[in-house]
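Content type PDB, C-alpha atoms, from the file my_file_14.pdb:
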ATOM      1  CA  MET O   1       0.000   0.000   0.000
ATOM      2  CA  SER O   2       1.437   3.375  -1.010
ATOM      3  CA  THR O   3       1.969   6.023   1.657
ATOM      4  CA  GLY O   4       2.141   8.836  -0.900
ATOM      5  CA  LYS O   5       5.747   9.611   0.007
ATOM      6  CA  GLN O   6       8.360   9.712  -2.719
ATOM      7  CA  PRO O   7      11.535   7.722  -1.966
ATOM      8  CA  LEU O   8      14.689   9.776  -1.526
ATOM      9  CA  ILE O   9      16.923   9.200  -4.538
ATOM     10  CA  THR O  10      20.598   9.458  -3.688
ATOM     11  CA  LEU O  11      23.492   9.516  -6.113
ATOM     12  CA  ASP O  12      27.254   9.609  -5.650
ATOM     13  CA  THR O  13      30.042  11.839  -6.833
ATOM     14  CA  ILE O  14      33.753  11.013  -6.584
ATOM     15  CA  THR O  15      36.428  12.354  -4.278
ATOM     16  CA  GLU O  16      39.158  13.121  -6.825
ATOM     17  CA  GLN O  17      40.231  12.826 -10.443
ATOM     18  CA  VAL O  18      41.076   9.377 -11.800
ATOM     19  CA  SER O  19      42.071   8.183 -15.259
ATOM     20  CA  ALA O  20      42.528   4.930 -17.137
ATOM     21  CA  THR O  21      43.755   4.010 -20.616
ATOM     22  CA  LEU O  22      42.264   1.385 -22.899
ATOM     23  CA  GLU O  23      43.825   0.291 -26.188
ATOM     24  CA  VAL O  24      41.506  -1.015 -28.907
ATOM     25  CA  ARG O  25      43.001  -1.913 -32.300
ATOM     26  CA  ARG O  26      45.854   0.561 -31.881
ATOM     27  CA  SER O  27      43.585   3.449 -30.803
ATOM     28  CA  LEU O  28      44.134   4.767 -27.287
ATOM     29  CA  PHE O  29      41.104   5.760 -25.227
ATOM     30  CA  ILE O  30      42.161   7.747 -22.146
ATOM     31  CA  THR O  31      39.234   8.469 -19.836
ATOM     32  CA  TYR O  32      39.373  11.053 -17.069
ATOM     33  CA  LEU O  33      36.734  11.290 -14.350
ATOM     34  CA  ALA O  34      36.575  14.336 -12.091
ATOM     35  CA  PRO O  35      34.161  15.788  -9.527
ATOM     36  CA  VAL O  36      32.514  19.054 -10.623
ATOM     37  CA  GLN O  37      29.920  21.272  -8.962
ATOM     38  CA  ASN O  38      28.491  23.202 -11.899
ATOM     39  CA  LYS O  39      28.596  23.770 -15.657
ATOM     40  CA  GLU O  40      31.400  26.320 -15.382
ATOM     41  CA  SER O  41      33.756  23.976 -13.538
ATOM     42  CA  ALA O  42      32.926  21.158 -15.970
ATOM     43  CA  LEU O  43      33.781  23.339 -18.978
ATOM     44  CA  GLN O  44      36.970  24.538 -17.319
ATOM     45  CA  TYR O  45      38.061  20.954 -16.681
ATOM     46  CA  LEU O  46      37.267  19.987 -20.277
ATOM     47  CA  GLU O  47      39.347  22.887 -21.581
ATOM     48  CA  THR O  48      42.270  21.857 -19.394
ATOM     49  CA  LEU O  49      42.268  18.392 -20.949
ATOM     50  CA  ARG O  50      41.953  19.799 -24.460
ATOM     51  CA  LYS O  51      45.113  21.786 -23.874
ATOM     52  CA  LYS O  52      46.899  18.850 -22.266
ATOM     53  CA  HIS O  53      45.968  16.485 -25.120
ATOM     54  CA  TRP O  54      46.052  19.038 -27.918
ATOM     55  CA  ASP O  55      47.262  16.408 -30.390
ATOM     56  CA  ALA O  56      44.420  13.913 -29.806
ATOM     57  CA  ALA O  57      41.844  13.210 -32.495
ATOM     58  CA  HIS O  58      38.798  13.547 -30.221
ATOM     59  CA  HIS O  59      37.867  14.847 -26.773
ATOM     60  CA  CYS O  60      34.461  13.260 -26.126
ATOM     61  CA  TYR O  61      32.628  13.847 -22.873
ATOM     62  CA  ALA O  62      29.518  13.737 -20.738
ATOM     63  CA  TRP O  63      28.635  15.275 -17.417
ATOM     64  CA  ARG O  64      25.818  14.987 -14.874
ATOM     65  CA  LEU O  65      24.963  17.642 -12.282
ATOM     66  CA  GLY O  66      22.365  18.123  -9.556
ATOM     67  CA  HIS O  67      21.236  15.768  -6.801
ATOM     68  CA  LEU O  68      19.131  13.827  -9.322
ATOM     69  CA  GLY O  69      21.664  14.096 -12.136
ATOM     70  CA  GLN O  70      19.018  15.906 -14.166
ATOM     71  CA  ASP O  71      21.425  18.486 -15.635
ATOM     72  CA  TYR O  72      23.582  16.757 -18.204
ATOM     73  CA  ARG O  73      25.462  17.336 -21.445
ATOM     74  CA  LEU O  74      27.267  15.059 -23.869
ATOM     75  CA  ALA O  75      29.353  15.468 -27.023
ATOM     76  CA  ASP O  76      30.769  13.150 -29.684
ATOM     77  CA  ASP O  77      33.408  15.691 -30.765
ATOM     78  CA  GLY O  78      33.624  14.508 -34.351
ATOM     79  CA  GLU O  79      32.977  10.814 -33.785
ATOM     80  CA  PRO O  80      29.927   9.290 -35.553
ATOM     81  CA  ALA O  81      26.728  10.439 -33.845
ATOM     82  CA  GLY O  82      25.828   8.399 -30.786
ATOM     83  CA  THR O  83      29.114   6.480 -30.566
ATOM     84  CA  ALA O  84      30.864   8.481 -27.841
ATOM     85  CA  GLY O  85      28.819  10.922 -25.759
ATOM     86  CA  LYS O  86      25.877   8.566 -25.233
ATOM     87  CA  PRO O  87      27.954   5.563 -24.134
ATOM     88  CA  ILE O  88      29.925   7.777 -21.763
ATOM     89  CA  LEU O  89      26.745   9.238 -20.258
ATOM     90  CA  PHE O  90      25.151   5.791 -20.000
ATOM     91  CA  VAL O  91      27.999   4.508 -17.809
ATOM     92  CA  LEU O  92      27.627   7.520 -15.505
ATOM     93  CA  GLN O  93      23.882   6.896 -15.262
ATOM     94  CA  GLN O  94      24.365   3.179 -14.755
ATOM     95  CA  GLY O  95      26.802   3.890 -11.934
ATOM     96  CA  ASN O  96      24.416   6.347 -10.200
ATOM     97  CA  PHE O  97      26.870   9.220 -10.453
ATOM     98  CA  THR O  98      26.228  12.952 -10.417
ATOM     99  CA  ASN O  99      28.340  16.095 -10.034
ATOM    100  CA  ILE O 100      30.842  14.392 -12.293
ATOM    101  CA  ILE O 101      32.413  14.797 -15.720
ATOM    102  CA  ALA O 102      33.895  12.039 -17.872
ATOM    103  CA  VAL O 103      36.212  13.009 -20.715
ATOM    104  CA  THR O 104      37.564  10.357 -23.071
ATOM    105  CA  VAL O 105      40.529  11.427 -25.158
ATOM    106  CA  ARG O 106      41.075   9.289 -28.259
ATOM    107  CA  TYR O 107      44.324   8.928 -30.135
ATOM    108  CA  PHE O 108      43.367   7.351 -33.448
ATOM    109  CA  GLY O 109      45.434   4.285 -34.290
ATOM    110  CA  GLY O 110      44.672   4.153 -37.999
ATOM    111  CA  VAL O 111      42.023   1.405 -37.873
ATOM    112  CA  LYS O 112      38.355   2.321 -38.120
ATOM    113  CA  LEU O 113      36.307   0.390 -35.574
ATOM    114  CA  GLY O 114      32.754   0.724 -36.836
ATOM    115  CA  LYS O 115      29.918   2.249 -34.820
ATOM    116  CA  GLY O 116      29.175  -0.692 -32.537
ATOM    117  CA  PRO O 117      32.757  -1.488 -31.525
ATOM    118  CA  LEU O 118      33.510   2.232 -31.220
ATOM    119  CA  ALA O 119      30.622   2.790 -28.807
ATOM    120  CA  ARG O 120      31.721  -0.226 -26.764
ATOM    121  CA  ALA O 121      35.276   1.091 -26.634
ATOM    122  CA  TYR O 122      34.129   4.422 -25.206
ATOM    123  CA  ALA O 123      31.873   2.720 -22.649
ATOM    124  CA  ASP O 124      34.564   0.227 -21.638
ATOM    125  CA  SER O 125      37.107   3.003 -21.225
ATOM    126  CA  VAL O 126      34.806   4.859 -18.833
ATOM    127  CA  ARG O 127      34.146   1.637 -16.898
ATOM    128  CA  GLU O 128      37.895   1.188 -16.475
ATOM    129  CA  SER O 129      38.090   4.618 -14.840
ATOM    130  CA  VAL O 130      34.969   4.018 -12.728
ATOM    131  CA  SER O 131      36.635   0.947 -11.226
ATOM    132  CA  LEU O 132      39.283   3.252  -9.715
ATOM    133  CA  VAL O 133      37.079   5.870  -8.028
ATOM    134  CA  THR O 134      36.264   6.499  -4.397
ATOM    135  CA  ARG O 135      32.560   7.293  -4.160
ATOM    136  CA  LEU O 136      31.060  10.080  -2.065
ATOM    137  CA  PRO O 137      27.288  10.349  -1.466
ATOM    138  CA  VAL O 138      25.656  13.579  -2.636
ATOM    139  CA  VAL O 139      23.436  14.630   0.255
ATOM    140  CA  VAL O 140      20.338  16.700  -0.463
ATOM    141  CA  ARG O 141      20.051  19.489   2.077
ATOM    142  CA  GLU O 142      17.086  21.574   3.199
ATOM    143  CA  ASN O 143      17.173  25.224   4.229
ATOM    144  CA  ILE O 144      14.664  25.920   6.980
ATOM    145  CA  VAL O 145      13.957  28.419   9.745
ATOM    146  CA  VAL O 146      13.288  27.070  13.229
ATOM    147  CA  HIS O 147      11.554  29.415  15.661
ATOM    148  CA  CYS O 148      11.136  29.002  19.389
ATOM    149  CA  LEU O 149      10.720  30.860  22.686
ATOM    150  CA  TYR O 150      13.738  31.918  24.691
ATOM    151  CA  ASP O 151      12.891  29.297  27.306
ATOM    152  CA  ASP O 152      13.292  26.555  24.689
ATOM    153  CA  VAL O 153      16.696  27.564  23.314
ATOM    154  CA  SER O 154      18.427  25.116  25.651
ATOM    155  CA  ARG O 155      16.315  22.326  24.134
ATOM    156  CA  VAL O 156      16.560  23.356  20.478
ATOM    157  CA  ILE O 157      20.320  23.904  20.211
ATOM    158  CA  PRO O 158      21.249  20.397  21.460
ATOM    159  CA  LEU O 159      18.747  18.953  18.987
ATOM    160  CA  LEU O 160      20.255  20.894  16.063
ATOM    161  CA  GLU O 161      23.693  19.709  17.098
ATOM    162  CA  GLU O 162      22.412  16.139  17.397
ATOM    163  CA  VAL O 163      21.226  16.080  13.759
ATOM    164  CA  GLN O 164      24.491  17.749  12.656
ATOM    165  CA  ALA O 165      22.698  20.778  11.236
ATOM    166  CA  GLU O 166      24.501  23.966  10.298
ATOM    167  CA  PHE O 167      22.760  26.973  11.835
ATOM    168  CA  SER O 168      22.956  30.613  12.807
ATOM    169  CA  THR O 169      20.857  32.315  15.450
ATOM    170  CA  GLU O 170      18.732  35.469  15.285
ATOM    171  CA  TYR O 171      17.359  36.988  18.486
ATOM    172  CA  SER O 172      14.298  39.266  18.545
ATOM    173  CA  ASP O 173      10.941  38.875  20.311
ATOM    174  CA  SER O 174      11.526  35.146  19.861
ATOM    175  CA  VAL O 175      14.512  33.136  18.633
ATOM    176  CA  ARG O 176      15.005  32.115  15.006
ATOM    177  CA  PHE O 177      17.544  29.579  13.803
ATOM    178  CA  HIS O 178      18.518  29.637  10.131
ATOM    179  CA  VAL O 179      19.232  25.967   9.547
ATOM    180  CA  GLN O 180      20.681  23.786   6.804
ATOM    181  CA  ILE O 181      20.054  20.097   7.386
ATOM    182  CA  ALA O 182      20.442  16.834   5.465
ATOM    183  CA  LYS O 183      17.019  15.982   4.031
ATOM    184  CA  PRO O 184      16.839  12.459   5.532
ATOM    185  CA  LYS O 185      17.149  13.984   9.013
ATOM    186  CA  LEU O 186      14.426  16.616   8.593
ATOM    187  CA  GLU O 187      11.495  14.436   9.646
ATOM    188  CA  TYR O 188      13.268  13.446  12.857
ATOM    189  CA  LEU O 189      14.094  17.082  13.614
ATOM    190  CA  VAL O 190      10.481  18.195  13.176
ATOM    191  CA  THR O 191       9.162  15.383  15.358
ATOM    192  CA  GLU O 192      11.666  16.067  18.121
ATOM    193  CA  LEU O 193      11.026  19.824  18.004
ATOM    194  CA  THR O 194       7.392  19.151  18.801
ATOM    195  CA  THR O 195       8.158  16.571  21.479
ATOM    196  CA  ARG O 196      10.942  18.389  23.311
ATOM    197  CA  THR O 197       9.227  21.811  23.401
ATOM    198  CA  ASN O 198       5.650  20.578  23.861
ATOM    199  CA  ALA O 199       4.812  21.994  20.385
ATOM    200  CA  ARG O 200       5.991  25.500  21.266
ATOM    201  CA  ALA O 201       8.707  25.429  18.572
ATOM    202  CA  GLY O 202       8.074  25.179  14.846
ATOM    203  CA  TYR O 203       9.743  25.553  11.481
ATOM    204  CA  SER O 204       9.223  26.842   7.960
ATOM    205  CA  LYS O 205      10.855  25.495   4.833
ATOM    206  CA  ILE O 206      12.837  27.949   2.699
ATOM    207  CA  SER O 207      14.305  25.937  -0.166
ATOM    208  CA  THR O 208      16.020  22.702  -1.119
ATOM    209  CA  LYS O 209      19.663  22.976  -2.138
ATOM    210  CA  GLY O 210      20.217  21.703  -5.649
ATOM    211  CA  GLU O 211      16.556  21.923  -6.720
TER     212      GLU O 211
END
As structure tokens - that is how I would like this structure written.
Amino acid sequence: MSTGKQPLITLDTITEQVSATLEVRRSLFITYLAPVQNKESALQYLETLRKKHWDAAHHCYAWRLGHLGQDYRLADDGEPAGTAGKPILFVLQQGNFTNIIAVTVRYFGGVKLGKGPLARAYADSVRESVSLVTRLPVVVRENIVVHCLYDDVSRVIPLLEEVQAEFSTEYSDSVRFHVQIAKPKLEYLVTELTTRTNARAGYSKISTKGE
């Protein structure tokens, strides 16, 4: 029976750049994976590799951004349509990665592979790099405001610390905490706010980071 709640989808990024090289019929496929936070950093990383491998035949890539990986781009960079960017992106999707860019640099070895083998070569090259990464969960965070009476500050602050929230405090007629909290912990926080202050404290949602 459905409760009406949507499951929290979590993806991973990686902790640092990795690379691997695959040789297929004398062509070299060098795939770099790197963590990126936005389109600008992804483009900057791509440009760095273009300069480093200025003599390569192709610099094909794909990236995924956002906590659902919904912001993506791919490019075949001169390879036959669908033989490079799509296979690269597919491996990132298959691996549940986001906030990541994959760039495969190809040095042509003089033997044409055909579309099917070429697409497999790009995908296999990315998989080689994926096998080397250290994964890091991308945590969706909520921005909320918690408000309470002065008498309840001694109850609210320990709770915020317990759920490892980041917060700042604003004092006026009552007390307001500007809070950033991991989304999976929000329900617990709200429940405990009610319980520990006898419903005197409350909260309002501001926004969800990454949405």
| note | Using all atoms listed in the file, the residue out of O:Glu40, O:Asp55, O:Asp152, O:Asp71 with shortest distance to Arg196 of chain O is O:Asp152
| task | Could you give me, as a ChimeraX atom specification, the residues that have an atom at most 12 Å away from the point (8.8, 16.5, 17.3) in the coordinates of the file, using only C-alpha atoms? | result | /O:155-156,159,186-203
Hey, could you make a per-residue contact list for segment 18-116 of chain O against segment 140-148 of chain O with 12 Å as the cut-off, showing the nearest pair of atoms and its distance in Å to one decimal, counting all atoms listed in the file, sorted by chain and number, as a Markdown table?
| residue | atom | partner | partner_atom | distance |
| --- | --- | --- | --- | --- |
| O:Gly66 | CA | O:Val140 | CA | 9.4 |
| O:His67 | CA | O:Val140 | CA | 6.5 |
| O:Leu68 | CA | O:Val140 | CA | 9.4 |
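Counting from atom CA of Arg26 of chain O, the distance to atom CA of His58 of chain O is 14.9 Å.
For the pair atom CA of Leu65 of chain O and atom CA of Ala84 of chain O, the separation is 19.0 Å.
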Box for segment 141-150 of chain O - axis-aligned, 6 Å on each of the six sides, all listed atoms - centre and size in Å to one decimal, as AutoDock Vina command-line options.
--center_x 15.4 --center_y 25.7 --center_z 13.4 --size_x 21.3 --size_y 24.4 --size_z 34.6
| field | Neighbours of point (36.9, 2.3, -6.9) within 12 Å, using all atoms listed in the file, written as a list in words | value | Thr13, Ile14, Thr15, Glu16, Gln17, Val18, Ser19, Ala20, Leu33, Gly95, Arg127, Glu128, Ser129, Val130, Ser131, Leu132, Val133, Thr134, Arg135 and Leu136 of chain O
| Atom-to-atom span, atom CA of Ala57 of chain O and atom CA of Gly109 of chain O, Å | 9.8 Å
| note | One residue among O:Lys115, O:Arg25, O:Lys51, O:Lys183 is nearest to Thr10 of chain O when using only C-alpha atoms, and that residue is O:Lys183
Specify as an mmCIF file with C-alpha atoms, in the coordinates of the input each residue included when the PyMOL selection byres ((chain O and resi 120-124) around 8) is applied to this file.
data_model
loop_
_atom_site.group_PDB
_atom_site.id
_atom_site.type_symbol
_atom_site.label_atom_id
_atom_site.label_comp_id
_atom_site.auth_asym_id
_atom_site.auth_seq_id
_atom_site.Cartn_x
_atom_site.Cartn_y
_atom_site.Cartn_z
ATOM 1 C CA LEU O 22 42.264 1.385 -22.899
ATOM 2 C CA VAL O 24 41.506 -1.015 -28.907
ATOM 3 C CA PHE O 29 41.104 5.760 -25.227
ATOM 4 C CA THR O 83 29.114 6.480 -30.566
ATOM 5 C CA ALA O 84 30.864 8.481 -27.841
ATOM 6 C CA PRO O 87 27.954 5.563 -24.134
ATOM 7 C CA ILE O 88 29.925 7.777 -21.763
ATOM 8 C CA PHE O 90 25.151 5.791 -20.000
ATOM 9 C CA VAL O 91 27.999 4.508 -17.809
ATOM 10 C CA THR O 104 37.564 10.357 -23.071
ATOM 11 C CA GLY O 116 29.175 -0.692 -32.537
ATOM 12 C CA PRO O 117 32.757 -1.488 -31.525
ATOM 13 C CA LEU O 118 33.510 2.232 -31.220
ATOM 14 C CA ALA O 119 30.622 2.790 -28.807
ATOM 15 C CA SER O 125 37.107 3.003 -21.225
ATOM 16 C CA VAL O 126 34.806 4.859 -18.833
ATOM 17 C CA ARG O 127 34.146 1.637 -16.898
ATOM 18 C CA GLU O 128 37.895 1.188 -16.475
#
What lies within 7 Å of Phe167 of chain O using all atoms listed in the file, ignoring chain neighbours under 4 positions off, as an mmCIF file with C-alpha atoms, in the coordinates of the input?
data_model
loop_
_atom_site.group_PDB
_atom_site.id
_atom_site.type_symbol
_atom_site.label_atom_id
_atom_site.label_comp_id
_atom_site.auth_asym_id
_atom_site.auth_seq_id
_atom_site.Cartn_x
_atom_site.Cartn_y
_atom_site.Cartn_z
ATOM 1 C CA PHE O 177 17.544 29.579 13.803
ATOM 2 C CA HIS O 178 18.518 29.637 10.131
ATOM 3 C CA VAL O 179 19.232 25.967 9.547
ATOM 4 C CA GLN O 180 20.681 23.786 6.804
#
| field | Selection under test: the PyMOL selection byres ((chain O and resi 43) around 12); residues as a PyMOL selection string | value | chain O and resi 34+36-42+44-50+61-63+73-74+100-103
| request: Excluding Gln93 of chain O and any residue of its chain fewer than 5 positions from it, enumerate the residues within 9 Å of it, using all atoms listed in the file, and give them as a VMD selection string. | output: chain O and resid 64 69 88 98
| request: Carefully work through the PyMOL selection byres ((chain O and resi 78) around 12) for this structure and note down the residues it includes, as a ChimeraX atom specification. | output: /O:56-61,75-77,79-85,105-106
